[in-house]
Structure formats: C-alpha cells, structure tokens
Amino acid sequence: MDEMEFASYLQRSGKKAHVIQGLVVKVKIFEQYLVEKKNSTLEQASRQDILDFASTLDEQQRKIILRGIALYYKSKGNLAIARIANEKREMEIAKDRQALRLKEIRGINPEVIAKLSSLGIKNIEQMLQVGKTSSDRDVLAKQTGIAVETILELVKLSDLARIPGVKGIRARLYYDAGFETLEKLAQCDPDELRQFLIAFV
C-alpha cells in the first residue's frame, strides 16, 4: 500500500491527522491478512476476500476496519470493492440500531400505545409491518379498537421517523405541517421546506 497516497486522499477528504493514521493502520491489517492467508495483495483482493476477512473480526472491529478498507478502495477508484466493504460495514451498524419506539412519537395517546404494545407492536418498524396495507390496518383496528385513521397516522409518522436524523418530534412536525408522506417531502425544495417549517413553528 502506498501509505502517503492514501493519507493524502484522506487529508483532501477533510480527515484529521489521528483519523488518517488510524485508517491507514486498518488497511495495513487487511493487507497483512491478504499476504498471510490468501497469498494475495490489496490490488488483487476480491469480494470473497473482503467477506472472508470480515468473518475473522468481531463486530466492533468489522465496523472500524471495514470503514478504512472501503475508503482505501474508493481512493483507488475501485468502487465495486469499496461498495462491498461498505455494505458489510452497514450491516454491522444496522444490527446496533434500535428502531424508534412508538411512545417517542409526539402526540400519540398513551392508551393507543398501550393497546399496540400489548400485541407486541412497540416500535416504528413493527408498526410499518403490521400497517402496511389498508386491509392490514382494518384488521389491526378490529383487534385493538383503535380507529383506522389513528393507525394510518401512526404508519405515516413511523415512515417519516425512518429518515436519518428524523425522530419522534421532527416526524410530528412534518406531519402536522402537511408533509405526512415521504413523497410529499421529496417533492419539496430543501430551502423552501426549511422556510415553511420555520413559519409553521
């Protein structure tokens, strides 16, 4: 590995010196694995090499080391291998992510939350699963005694809350401001949306 070249790429990307040093070390660990276990080099590494290497690491190591590997291959223009390392890393990160709990969404009646919770529906992912279709929502309404309109509102709020950086409060803000679906949000110019929400608040 040309450490100077990789470090220069990372520096241009805005990484701090101690971060750069750590990322270089991570790639060297992979490089050593390739030499010792695969009789190969960084340039020859395949998809399977990435997956085999990842299987030798614990969960925390996978997140950290695969980040360095993904950035290294991105710096070399090998986007296919960079994508594999990044996807494997994202899978590890996703394991740790906890879905937002329904009770964290603003403006939901606690009795509604309690009824859903009694059926094991406690977070936004579960809400989206059980309220996916109109017929699903009808069944859930009959099971719980919750109005179909309230269930649909919860499904829409749950969908909004899946957007990175959007949690219970912001999902409610978007919903109450009239942007109750991802499609409506996607149609907005970001600056106009920001100004509209400032005025709405």
# chains A, B, ... in the order shown; residues from 1 in each chain; ligands from 1

$ residues_around --residues "stretch 118-124 of chain A" --least-positions-apart "2" --cutoff "8 Å" --atoms "only C-alpha atoms" --output "ChimeraX atom specification"
/A:99-103,113-116,126-128,155,158-159,161-162

$ select_by_dssp --residues "stretch 7-180 of chain A" --states "alpha helix (DSSP H)" --output "ChimeraX atom specification"
/A:7-12,17-33,47-55,59-75,79-96,110-118,124-130,134-144,148-160,168-176

$ closest_residue --among "A:Cys188, A:Thr41, A:Leu10, A:Gln32" --to "A:Ala70" --atoms "only C-alpha atoms"
A:Leu10

$ closest_residue --among "A:Ile169, A:Leu152, A:Ala80, A:Val19" --to "A:Leu140" --atoms "only C-alpha atoms"
A:Leu152

$ residues_around --residues "A:Met1" --least-positions-apart "5" --cutoff "10 Å" --atoms "only C-alpha atoms" --output "CSV table (one decimal) with all heavy atoms, in the first residue's frame"
chain,number,residue,atom,x,y,z
A,6,PHE,N,-2.6,7.3,0.1
A,6,PHE,CA,-3.8,7.1,0.8
A,6,PHE,C,-4.1,8.2,1.8
A,6,PHE,O,-5.1,8.8,1.9
A,6,PHE,CB,-3.9,5.7,1.5
A,6,PHE,CG,-5.2,5.4,2.2
A,6,PHE,CD1,-6.4,5.7,1.6
A,6,PHE,CD2,-5.1,4.7,3.4
A,6,PHE,CE1,-7.6,5.3,2.3
A,6,PHE,CE2,-6.3,4.4,4.0
A,6,PHE,CZ,-7.5,4.7,3.5
A,24,VAL,N,-5.2,4.2,8.0
A,24,VAL,CA,-4.0,3.6,7.4
A,24,VAL,C,-3.7,2.3,8.1
A,24,VAL,O,-3.5,1.2,7.4
A,24,VAL,CB,-2.8,4.5,7.4
A,24,VAL,CG1,-1.5,3.8,7.0
A,24,VAL,CG2,-3.0,5.7,6.4
A,27,VAL,N,-6.1,-0.5,7.1
A,27,VAL,CA,-5.9,-1.1,5.8
A,27,VAL,C,-4.7,-2.0,5.8
A,27,VAL,O,-4.6,-3.1,5.2
A,27,VAL,CB,-5.7,0.0,4.7
A,27,VAL,CG1,-5.4,-0.6,3.4
A,27,VAL,CG2,-7.0,0.8,4.6
A,28,LYS,N,-3.7,-1.7,6.6
A,28,LYS,CA,-2.5,-2.5,6.8
A,28,LYS,C,-2.8,-3.8,7.4
A,28,LYS,O,-2.2,-4.9,7.0
A,28,LYS,CB,-1.4,-1.8,7.6
A,28,LYS,CG,-0.7,-0.6,6.8
A,28,LYS,CD,0.2,0.2,7.7
A,28,LYS,CE,1.5,-0.5,7.9
A,28,LYS,NZ,2.4,0.4,8.6
A,31,GLU,N,-4.2,-5.8,4.6
A,31,GLU,CA,-3.1,-6.1,3.7
A,31,GLU,C,-2.3,-7.3,4.2
A,31,GLU,O,-2.0,-8.2,3.5
A,31,GLU,CB,-2.2,-4.9,3.5
A,31,GLU,CG,-1.1,-5.1,2.5
A,31,GLU,CD,-0.3,-3.9,2.3
A,31,GLU,OE1,0.0,-3.1,3.3
A,31,GLU,OE2,0.1,-3.6,1.1
A,41,THR,N,-2.7,-9.6,-2.7
A,41,THR,CA,-2.3,-8.2,-2.4
A,41,THR,C,-3.6,-7.4,-2.4
A,41,THR,O,-4.7,-7.9,-2.8
A,41,THR,CB,-1.4,-7.6,-3.5
A,41,THR,OG1,-2.1,-7.6,-4.8
A,41,THR,CG2,-0.1,-8.5,-3.7
A,42,LEU,N,-3.5,-6.2,-2.0
A,42,LEU,CA,-4.6,-5.3,-2.0
A,42,LEU,C,-5.2,-5.1,-3.4
A,42,LEU,O,-6.4,-5.0,-3.5
A,42,LEU,CB,-4.2,-3.9,-1.4
A,42,LEU,CG,-4.0,-3.8,0.1
A,42,LEU,CD1,-3.3,-2.5,0.5
A,42,LEU,CD2,-5.3,-4.0,0.9
A,43,GLU,N,-4.3,-5.0,-4.3
A,43,GLU,CA,-4.8,-4.8,-5.7
A,43,GLU,C,-5.6,-6.0,-6.3
A,43,GLU,O,-6.4,-5.9,-7.1
A,43,GLU,CB,-3.6,-4.5,-6.6
A,43,GLU,CG,-3.0,-3.1,-6.4
A,43,GLU,CD,-2.3,-3.0,-5.1
A,43,GLU,OE1,-1.7,-4.0,-4.6
A,43,GLU,OE2,-2.3,-1.9,-4.5
A,72,TYR,N,-10.2,3.1,1.4
A,72,TYR,CA,-8.9,2.8,0.6
A,72,TYR,C,-9.3,2.5,-0.9
A,72,TYR,O,-8.8,3.1,-1.8
A,72,TYR,CB,-8.2,1.7,1.2
A,72,TYR,CG,-7.0,1.2,0.3
A,72,TYR,CD1,-5.8,2.0,0.3
A,72,TYR,CD2,-7.1,0.1,-0.5
A,72,TYR,CE1,-4.8,1.6,-0.6
A,72,TYR,CE2,-6.1,-0.3,-1.3
A,72,TYR,CZ,-4.9,0.5,-1.4
A,72,TYR,OH,-3.9,0.1,-2.2

$ atom_distance --atom1 "atom CA of A:Met91" --atom2 "atom CA of A:Leu79"
17.9 Å

$ closest_residue --among "A:Lys88, A:Arg62, A:Lys76, A:His18" --to "A:Asp2" --atoms "only C-alpha atoms"
A:Lys76

$ atom_distance --atom1 "atom CA of A:Lys63" --atom2 "atom CA of A:Ile50"
12.9 Å

$ atom_distance --atom1 "atom CA of A:Lys26" --atom2 "atom CA of A:Gln61"
9.4 Å

$ closest_residue --among "A:Tyr33, A:Ala54, A:Gln98, A:Ile84" --to "A:Lys167" --atoms "only C-alpha atoms"
A:Gln98

$ closest_residue --among "A:Ile108, A:Leu66, A:Ala171, A:Ile163" --to "A:Ile151" --atoms "only C-alpha atoms"
A:Ile108

$ closest_residue --among "A:Asn109, A:Gln48, A:Gln21, A:Ser75" --to "A:Leu34" --atoms "only C-alpha atoms"
A:Gln48
